[in-house]
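> Below: one structure in structure tokens.
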Amino acid sequence: MTAFNSHMAAALAEARAARDRDEVPVGAVVVDPEGRIVARAGNRTRELADPTAHAEILALRDACAAAGSERLPGHRLYVTLEPCPMCAAAISFARIARLYYGAADPKSGGVAQGPRIFAHPQAHHVPEVYDGIAAAAAEALLKEFFASRRQGGQAV
């Protein structure tokens, strides 16, 4: 077995790129069973005028397209923020083996907060979940982003 290699730095880079596009700074990467990043994305809900264009959804779409399958067994997903219920369901449908996330999301989370999608008997698949990975860096990006919006009077 190979040593654990976190890919959260790549997810954080995607979150910073999202911030630079004036999107909520959330980033995600999908890693194949051999440890290669096969997809990466940051939020694009505003840019695409699409409420489903969350980082996780975009990365899963790209990874599935690359794999030629709607399922990604053995793959891992790294995301800077606890996935919302929509993204948690997509993670389950994609059969992601392991989910690693940074900051908890008490307001909109769907894994450890709120509806706890993976705890429902209707969950098709439950990945192994590891939280708190680079949480301080992810939280700082989010706090800075929202503080700047409040100071500028912008709605998010």
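Labels for the structure tokens follow display order: chains A, B, ..., residues from 1 in each chain, ligands from 1.
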List the spatial neighbours of Lys107 (chain A) as a list in words - criterion: any atom at most 10 Å away, only C-alpha atoms, same-chain residues fewer than 4 positions off excluded.
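Near Lys107 (chain A), the qualifying residues are Cys84, Gln113 and Gly114 of chain A.
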> Which residues are close to Arg16 (chain A), i.e. within 8 Å by only C-alpha atoms, leaving aside same-chain residues fewer than 5 positions away? Reply as a compact mmCIF listing (two decimals) with N, CA and C atoms, in the first residue's frame.

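Okay, result36.txt is ready:
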```txt
# COMPACT_ATOMS: atom_id res chain seq x y z
N PRO A 25 -15.48 30.58 -3.01
CA PRO A 25 -14.24 29.83 -3.16
C PRO A 25 -14.29 28.40 -2.62
N VAL A 26 -14.78 27.52 -3.48
CA VAL A 26 -14.80 26.09 -3.18
C VAL A 26 -14.13 25.40 -4.35
N GLY A 27 -13.23 24.46 -4.04
CA GLY A 27 -12.53 23.71 -5.06
C GLY A 27 -12.59 22.23 -4.79
N LEU A 141 -10.20 31.19 3.40
CA LEU A 141 -10.64 31.63 2.07
C LEU A 141 -12.10 32.05 2.08
```
> Per DSSP on the backbone, filter region 3-84 of chain A down to the residues in helix (DSSP H, G or I) and report them as a count of residues only.
30
> Give me, please, the distance in Å between CA of Ala41 (chain A) and CA of Arg61 (chain A), quoted to one decimal.
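Interatomic distance here is 9.9 Å.
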> In Å, how far is it from CA of Glu128 (chain A) to CA of Gly42 (chain A)?
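Result for CA of Glu128 (chain A) versus CA of Gly42 (chain A): 22.4 Å, one decimal.
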> Residues of region 55-149 of chain A within 10 Å of region 43-46 of chain A: nearest atom pair and distance (Å, one decimal) for each, counting only C-alpha atoms, sorted by chain and number, as a tab-separated table?

```
residue	atom	partner	partner_atom	distance
A:Ala55	CA	A:Asn43	CA	4.4
A:Glu56	CA	A:Asn43	CA	8.1
A:Ile57	CA	A:Asn43	CA	9.0
A:Leu58	CA	A:Asn43	CA	8.0
A:Ala59	CA	A:Asn43	CA	9.7
```
> Using the selection just defined, write its residues with C-alpha atoms as a compact mmCIF listing (two decimals), in the first residue's frame.

```
# COMPACT_ATOMS: atom_id res chain seq x y z
CA ALA A 55 -17.05 22.38 -7.67
CA GLU A 56 -17.88 18.78 -6.73
CA ILE A 57 -20.49 18.37 -9.48
CA LEU A 58 -18.22 19.83 -12.16
CA ALA A 59 -15.27 17.66 -11.08
```
> Region 99-105 of chain A: which residues within 6 Å, counting only C-alpha atoms, same-chain residues fewer than 3 positions away excluded, as a PyMOL selection string?
chain A and resi 76-82+108-109+129-135+138-139
